[in-house]
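Okay, data17.pdb is below, PDB, C-alpha atoms, pLDDT in the B column:
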```
ATOM      1  CA  MET A   1     -19.703   1.627  31.698  1.00 75.00           C
ATOM      2  CA  THR A   2     -21.005   4.336  29.421  1.00 81.00           C
ATOM      3  CA  ILE A   3     -20.065   7.980  29.859  1.00 79.00           C
ATOM      4  CA  GLU A   4     -23.646   8.883  30.837  1.00 81.00           C
ATOM      5  CA  LYS A   5     -23.788   6.250  33.585  1.00 86.00           C
ATOM      6  CA  LEU A   6     -20.390   7.333  34.826  1.00 83.00           C
ATOM      7  CA  ARG A   7     -21.492  10.986  34.911  1.00 81.00           C
ATOM      8  CA  GLY A   8     -24.579  10.026  36.931  1.00 83.00           C
ATOM      9  CA  ALA A   9     -22.531   7.972  39.410  1.00 84.00           C
ATOM     10  CA  ALA A  10     -19.932  10.743  39.677  1.00 82.00           C
ATOM     11  CA  GLY A  11     -22.685  13.297  40.301  1.00 80.00           C
ATOM     12  CA  VAL A  12     -23.963  11.257  43.243  1.00 82.00           C
ATOM     13  CA  ALA A  13     -20.418  10.823  44.586  1.00 82.00           C
ATOM     14  CA  MET A  14     -19.646  14.541  44.192  1.00 80.00           C
ATOM     15  CA  ALA A  15     -22.837  15.482  46.057  1.00 79.00           C
ATOM     16  CA  GLY A  16     -21.741  13.213  48.922  1.00 79.00           C
ATOM     17  CA  LEU A  17     -18.259  14.780  48.911  1.00 77.00           C
ATOM     18  CA  ALA A  18     -19.743  18.269  48.934  1.00 75.00           C
ATOM     19  CA  ARG A  19     -21.664  17.424  52.125  1.00 78.00           C
ATOM     20  CA  THR A  20     -18.565  16.084  53.890  1.00 81.00           C
ATOM     21  CA  ILE A  21     -15.960  18.507  52.489  1.00 78.00           C
ATOM     22  CA  PRO A  22     -17.176  22.111  52.495  1.00 74.00           C
ATOM     23  CA  SER A  23     -14.518  23.258  50.031  1.00 74.00           C
ATOM     24  CA  ASP A  24     -15.978  20.943  47.360  1.00 66.00           C
ATOM     25  CA  VAL A  25     -19.319  22.790  47.248  1.00 69.00           C
ATOM     26  CA  GLY A  26     -19.931  23.995  43.701  1.00 71.00           C
ATOM     27  CA  ARG A  27     -16.962  22.113  42.283  1.00 72.00           C
ATOM     28  CA  GLU A  28     -17.687  20.375  38.999  1.00 72.00           C
ATOM     29  CA  TYR A  29     -15.795  17.413  37.620  1.00 74.00           C
ATOM     30  CA  VAL A  30     -15.741  16.873  33.889  1.00 76.00           C
ATOM     31  CA  ILE A  31     -15.907  13.296  32.686  1.00 79.00           C
ATOM     32  CA  ARG A  32     -14.992  12.518  29.111  1.00 77.00           C
ATOM     33  CA  SER A  33     -13.471   9.655  27.183  1.00 77.00           C
ATOM     34  CA  LEU A  34      -9.749   9.076  27.021  1.00 76.00           C
ATOM     35  CA  LEU A  35      -9.793   9.559  23.249  1.00 72.00           C
ATOM     36  CA  SER A  36     -11.408  12.997  23.465  1.00 72.00           C
ATOM     37  CA  SER A  37      -9.006  14.040  26.219  1.00 71.00           C
ATOM     38  CA  LEU A  38      -6.021  12.984  24.087  1.00 70.00           C
ATOM     39  CA  VAL A  39      -7.032  14.391  20.706  1.00 67.00           C
ATOM     40  CA  GLY A  40      -9.626  16.982  21.666  1.00 66.00           C
ATOM     41  CA  GLU A  41     -12.349  17.851  19.213  1.00 64.00           C
ATOM     42  CA  ILE A  42     -10.295  16.852  16.188  1.00 63.00           C
ATOM     43  CA  SER A  43     -11.411  13.575  14.672  1.00 57.00           C
ATOM     44  CA  VAL A  44      -9.978  11.798  11.673  1.00 55.00           C
ATOM     45  CA  PRO A  45     -12.408   9.667   9.704  1.00 55.00           C
ATOM     46  CA  ARG A  46     -10.826   6.358   8.702  1.00 56.00           C
ATOM     47  CA  CYS A  47     -12.738   5.716   5.533  1.00 54.00           C
ATOM     48  CA  SER A  48     -14.961   8.474   4.245  1.00 59.00           C
ATOM     49  CA  SER A  49     -15.346  10.940   1.445  1.00 63.00           C
ATOM     50  CA  HIS A  50     -12.353  12.812   2.893  1.00 66.00           C
ATOM     51  CA  SER A  51     -10.082   9.898   1.973  1.00 71.00           C
ATOM     52  CA  ALA A  52     -11.222   9.615  -1.638  1.00 77.00           C
ATOM     53  CA  PRO A  53      -9.273  12.664  -2.913  1.00 80.00           C
ATOM     54  CA  ARG A  54      -6.106  11.372  -1.245  1.00 79.00           C
ATOM     55  CA  TYR A  55      -6.393   8.002  -2.927  1.00 83.00           C
ATOM     56  CA  LEU A  56      -7.262   9.619  -6.244  1.00 88.00           C
ATOM     57  CA  LEU A  57      -4.182  11.826  -6.003  1.00 87.00           C
ATOM     58  CA  LEU A  58      -2.041   8.793  -5.171  1.00 85.00           C
ATOM     59  CA  ALA A  59      -3.483   6.883  -8.135  1.00 91.00           C
ATOM     60  CA  LEU A  60      -2.828   9.843 -10.452  1.00 93.00           C
ATOM     61  CA  ALA A  61       0.761  10.082  -9.236  1.00 89.00           C
ATOM     62  CA  CYS A  62       1.278   6.368  -9.866  1.00 88.00           C
ATOM     63  CA  VAL A  63      -0.180   6.644 -13.371  1.00 93.00           C
ATOM     64  CA  ASN A  64       2.035   9.663 -14.049  1.00 92.00           C
ATOM     65  CA  VAL A  65       5.170   7.806 -12.962  1.00 85.00           C
ATOM     66  CA  ALA A  66       4.158   4.798 -15.066  1.00 87.00           C
ATOM     67  CA  ASN A  67       3.685   7.059 -18.104  1.00 92.00           C
ATOM     68  CA  LEU A  68       7.074   8.666 -17.533  1.00 88.00           C
ATOM     69  CA  MET A  69       8.763   5.281 -17.298  1.00 83.00           C
ATOM     70  CA  LEU A  70       6.939   4.069 -20.418  1.00 88.00           C
ATOM     71  CA  ALA A  71       8.011   7.165 -22.366  1.00 90.00           C
ATOM     72  CA  ARG A  72      11.567   6.710 -21.123  1.00 85.00           C
ATOM     73  CA  GLY A  73      11.508   3.086 -22.213  1.00 83.00           C
ATOM     74  CA  MET A  74      10.194   4.000 -25.653  1.00 87.00           C
ATOM     75  CA  THR A  75      13.076   6.420 -26.190  1.00 88.00           C
ATOM     76  CA  ARG A  76      15.557   3.695 -25.200  1.00 88.00           C
ATOM     77  CA  THR A  77      14.435   1.112 -27.741  1.00 89.00           C
ATOM     78  CA  ARG A  78      17.314   2.044 -30.022  1.00 90.00           C
ATOM     79  CA  GLU A  79      19.852   1.647 -27.203  1.00 90.00           C
ATOM     80  CA  ILE A  80      18.409  -1.735 -26.224  1.00 90.00           C
ATOM     81  CA  THR A  81      18.471  -2.852 -29.846  1.00 91.00           C
ATOM     82  CA  VAL A  82      22.141  -1.888 -30.127  1.00 92.00           C
ATOM     83  CA  ARG A  83      22.950  -3.755 -26.898  1.00 91.00           C
ATOM     84  CA  ALA A  84      21.178  -6.851 -28.198  1.00 91.00           C
ATOM     85  CA  ALA A  85      23.032  -6.561 -31.537  1.00 93.00           C
ATOM     86  CA  LEU A  86      26.355  -6.374 -29.675  1.00 94.00           C
ATOM     87  CA  GLY A  87      25.574  -9.644 -27.907  1.00 93.00           C
ATOM     88  CA  ALA A  88      23.814  -8.715 -24.652  1.00 91.00           C
ATOM     89  CA  SER A  89      21.440 -11.444 -23.584  1.00 93.00           C
ATOM     90  CA  HIS A  90      17.774 -10.790 -22.937  1.00 92.00           C
ATOM     91  CA  ALA A  91      18.279 -11.478 -19.223  1.00 94.00           C
ATOM     92  CA  ARG A  92      21.148  -8.971 -19.062  1.00 93.00           C
ATOM     93  CA  VAL A  93      19.029  -6.203 -20.630  1.00 91.00           C
ATOM     94  CA  VAL A  94      16.107  -6.961 -18.294  1.00 91.00           C
ATOM     95  CA  ARG A  95      18.474  -6.989 -15.290  1.00 94.00           C
ATOM     96  CA  GLN A  96      19.865  -3.590 -16.301  1.00 90.00           C
ATOM     97  CA  LEU A  97      16.396  -2.093 -16.701  1.00 88.00           C
ATOM     98  CA  LEU A  98      15.244  -3.518 -13.350  1.00 91.00           C
ATOM     99  CA  THR A  99      18.377  -2.187 -11.637  1.00 94.00           C
ATOM    100  CA  GLU A 100      17.788   1.282 -13.060  1.00 89.00           C
ATOM    101  CA  SER A 101      14.130   1.158 -11.960  1.00 86.00           C
ATOM    102  CA  MET A 102      15.126   0.094  -8.434  1.00 92.00           C
ATOM    103  CA  VAL A 103      17.650   2.924  -8.184  1.00 93.00           C
ATOM    104  CA  LEU A 104      14.975   5.406  -9.264  1.00 87.00           C
ATOM    105  CA  ALA A 105      12.432   3.922  -6.829  1.00 86.00           C
ATOM    106  CA  THR A 106      14.927   4.068  -3.956  1.00 90.00           C
ATOM    107  CA  ALA A 107      15.797   7.672  -4.772  1.00 92.00           C
ATOM    108  CA  GLY A 108      12.086   8.522  -4.890  1.00 86.00           C
ATOM    109  CA  ALA A 109      11.436   6.800  -1.559  1.00 85.00           C
ATOM    110  CA  LEU A 110      14.327   8.645   0.095  1.00 89.00           C
ATOM    111  CA  ALA A 111      13.099  11.946  -1.330  1.00 91.00           C
ATOM    112  CA  GLY A 112       9.604  11.154  -0.019  1.00 85.00           C
ATOM    113  CA  LEU A 113      10.993  10.401   3.450  1.00 84.00           C
ATOM    114  CA  LEU A 114      12.893  13.673   3.424  1.00 88.00           C
ATOM    115  CA  VAL A 115       9.779  15.622   2.425  1.00 88.00           C
ATOM    116  CA  ALA A 116       7.719  13.816   5.092  1.00 82.00           C
ATOM    117  CA  SER A 117      10.316  14.557   7.761  1.00 82.00           C
ATOM    118  CA  ILE A 118      10.364  18.225   6.823  1.00 87.00           C
ATOM    119  CA  ALA A 119       6.542  18.300   6.760  1.00 83.00           C
ATOM    120  CA  VAL A 120       6.303  16.866  10.293  1.00 78.00           C
ATOM    121  CA  ARG A 121       8.789  19.439  11.570  1.00 80.00           C
ATOM    122  CA  LEU A 122       6.900  22.199   9.754  1.00 83.00           C
ATOM    123  CA  LEU A 123       3.645  21.046  11.340  1.00 76.00           C
ATOM    124  CA  LEU A 124       5.293  21.174  14.748  1.00 76.00           C
ATOM    125  CA  VAL A 125       6.436  24.730  14.124  1.00 78.00           C
ATOM    126  CA  LEU A 126       3.193  26.002  12.610  1.00 77.00           C
ATOM    127  CA  GLY A 127       0.448  24.088  14.384  1.00 66.00           C
ATOM    128  CA  ALA A 128       1.697  22.816  17.713  1.00 61.00           C
ATOM    129  CA  SER A 129      -0.641  25.055  19.684  1.00 61.00           C
ATOM    130  CA  ARG A 130      -3.729  24.028  17.698  1.00 66.00           C
ATOM    131  CA  LEU A 131      -3.410  20.256  17.405  1.00 68.00           C
ATOM    132  CA  PRO A 132      -3.320  18.266  20.654  1.00 69.00           C
ATOM    133  CA  ARG A 133      -0.343  15.945  21.194  1.00 69.00           C
ATOM    134  CA  LEU A 134       1.284  16.997  17.912  1.00 68.00           C
ATOM    135  CA  GLU A 135       4.653  17.211  19.610  1.00 69.00           C
ATOM    136  CA  SER A 136       4.502  13.469  20.273  1.00 72.00           C
ATOM    137  CA  VAL A 137       4.132  12.562  16.574  1.00 69.00           C
ATOM    138  CA  PRO A 138       7.060  10.270  15.814  1.00 70.00           C
ATOM    139  CA  PHE A 139       8.966  10.104  12.580  1.00 71.00           C
ATOM    140  CA  ASP A 140      11.273   7.156  12.959  1.00 71.00           C
ATOM    141  CA  VAL A 141      11.672   3.523  11.977  1.00 70.00           C
ATOM    142  CA  ARG A 142       8.231   2.668  13.371  1.00 70.00           C
ATOM    143  CA  VAL A 143       6.695   4.759  10.599  1.00 66.00           C
ATOM    144  CA  LEU A 144       8.230   2.449   8.013  1.00 67.00           C
ATOM    145  CA  SER A 145       7.445  -0.811   9.798  1.00 66.00           C
ATOM    146  CA  SER A 146       4.809  -3.183   8.521  1.00 52.00           C
ATOM    147  CA  ARG A 147       2.609  -2.599  11.573  1.00 53.00           C
ATOM    148  CA  SER A 148       1.898   0.978  10.577  1.00 47.00           C
ATOM    149  CA  TRP A 149       0.538  -0.212   7.209  1.00 50.00           C
ATOM    150  CA  SER A 150      -2.104  -2.451   8.789  1.00 49.00           C
ATOM    151  CA  SER A 151      -4.745   0.317   8.625  1.00 50.00           C
ATOM    152  CA  PHE A 152      -4.728   0.187   4.815  1.00 47.00           C
TER     153      PHE A 152
END
```

Once more with this new file: its structure as structure tokens, please.
Amino acid sequence: MTIEKLRGAAGVAMAGLARTIPSDVGREYVIRSLLSSLVGEISVPRCSSHSAPRYLLLALACVNVANLMLARGMTRTREITVRAALGASHARVVRQLLTESMVLATAGALAGLLVASIAVRLLLVLGASRLPRLESVPFDVRVLSSRSWSSF
């Protein structure tokens, strides 16, 4: 049933209640969707021009990290050459570089989680009165699960 039909049916029912219950005269019942009652007037567009700057910033950050890793790799060519001259196999050098990259990626992910956790707490402190249901925003394992990435 649409909201308009429901409002019409509720208006008829409220008029009948007002005739039988004198205290209900003049009482108005507000009918609105569950979504608007949960989040209020704040709406988040899923895919719009508001999302483009976010994705552009993410792409720029990824390019920046790739450039930093490339520059770091270029400065290590001498070290890798020395390792190869001392007898390190190609697989061993690649394994070392991948291990170092994974350590850096893990440290970056943990730092990102820490910043996100602090940001959620800061939002709770600064904007809890303005944003509906902000206090129920979770920051736990469900945030990292694969189900939360299905909207991408």

Select, from A:Ser136, A:Thr75, A:Gly16, A:Leu110, the residue with the minimum atom-to-atom distance to Leu123 in chain A, counting all atoms listed in the file.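 Looking at the shortest contact to Leu123 in chain A, the residue is A:Ser136.
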
What does the PyMOL selection byres ((chain A and resi 14) around 9) select in this file, as a PyMOL selection string? chain A and resi 9-13+15-19+24-25+27-29

Output C-alpha atoms of each residue in that selection to a file, as a PDB file, in the frame of the given file.
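Final output, saved to again.pdb:
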```pdb
ATOM      1  CA  ALA A   9     -22.531   7.972  39.410  1.00 84.00           C
ATOM      2  CA  ALA A  10     -19.932  10.743  39.677  1.00 82.00           C
ATOM      3  CA  GLY A  11     -22.685  13.297  40.301  1.00 80.00           C
ATOM      4  CA  VAL A  12     -23.963  11.257  43.243  1.00 82.00           C
ATOM      5  CA  ALA A  13     -20.418  10.823  44.586  1.00 82.00           C
ATOM      6  CA  ALA A  15     -22.837  15.482  46.057  1.00 79.00           C
ATOM      7  CA  GLY A  16     -21.741  13.213  48.922  1.00 79.00           C
ATOM      8  CA  LEU A  17     -18.259  14.780  48.911  1.00 77.00           C
ATOM      9  CA  ALA A  18     -19.743  18.269  48.934  1.00 75.00           C
ATOM     10  CA  ARG A  19     -21.664  17.424  52.125  1.00 78.00           C
ATOM     11  CA  ASP A  24     -15.978  20.943  47.360  1.00 66.00           C
ATOM     12  CA  VAL A  25     -19.319  22.790  47.248  1.00 69.00           C
ATOM     13  CA  ARG A  27     -16.962  22.113  42.283  1.00 72.00           C
ATOM     14  CA  GLU A  28     -17.687  20.375  38.999  1.00 72.00           C
ATOM     15  CA  TYR A  29     -15.795  17.413  37.620  1.00 74.00           C
TER      16      TYR A  29
END
```

Please expand the PyMOL selection byres ((chain A and resi 32) around 10) into the concrete residues it hits in this file, giving the result as a ChimeraX atom specification. /A:3-4,6-7,29-31,33-37

Pairwise distance, CA of Ala91 in chain A with CA of Glu79 in chain A, equals 15.4 Å

Using Å and a single decimal, report how far CA of Met102 in chain A sits from CA of Ala61 in chain A.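 Those two atoms sit 17.5 Å apart.
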
Top pick for closest residue to Leu114 in chain A, considering A:Thr99, A:Phe139, A:Val94, A:Thr77 and counting all atoms listed in the file: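 For Leu114 in chain A, the nearest of the given residues is A:Phe139.
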
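The nearest approach to Leu104 in chain A among the residues A:Leu38, A:Leu86, A:Leu68, A:Val63, with all atoms listed in the file taken into account, belongs to A:Leu68.
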
Complete range 115-126 of chain A at the level of N, CA and C atoms, written as a short mmCIF file (atom, residue, chain, number, x, y, z; two decimals), in the coordinates of the input.
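In the end it all went to part_3.cif:
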```
data_model
loop_
_atom_site.label_atom_id
_atom_site.label_comp_id
_atom_site.auth_asym_id
_atom_site.auth_seq_id
_atom_site.Cartn_x
_atom_site.Cartn_y
_atom_site.Cartn_z
N VAL A 115 10.90 14.67 2.47
CA VAL A 115 9.78 15.62 2.42
C VAL A 115 8.85 15.39 3.61
N ALA A 116 8.58 14.12 3.95
CA ALA A 116 7.72 13.82 5.09
C ALA A 116 8.34 14.29 6.40
N SER A 117 9.64 14.10 6.55
CA SER A 117 10.32 14.56 7.76
C SER A 117 10.23 16.08 7.90
N ILE A 118 10.45 16.76 6.80
CA ILE A 118 10.36 18.23 6.82
C ILE A 118 8.93 18.66 7.10
N ALA A 119 7.94 17.94 6.54
CA ALA A 119 6.54 18.30 6.76
C ALA A 119 6.14 18.13 8.22
N VAL A 120 6.62 17.06 8.87
CA VAL A 120 6.30 16.87 10.29
C VAL A 120 6.92 17.99 11.13
N ARG A 121 8.16 18.34 10.83
CA ARG A 121 8.79 19.44 11.57
C ARG A 121 8.07 20.76 11.31
N LEU A 122 7.63 20.98 10.08
CA LEU A 122 6.90 22.20 9.75
C LEU A 122 5.56 22.25 10.48
N LEU A 123 4.89 21.10 10.57
CA LEU A 123 3.64 21.05 11.34
C LEU A 123 3.89 21.38 12.81
N LEU A 124 4.98 20.87 13.35
CA LEU A 124 5.29 21.17 14.75
C LEU A 124 5.51 22.66 14.96
N VAL A 125 6.17 23.30 13.99
CA VAL A 125 6.44 24.73 14.12
C VAL A 125 5.16 25.54 13.93
N LEU A 126 4.35 25.18 12.96
CA LEU A 126 3.19 26.00 12.61
C LEU A 126 1.94 25.69 13.41
#
```
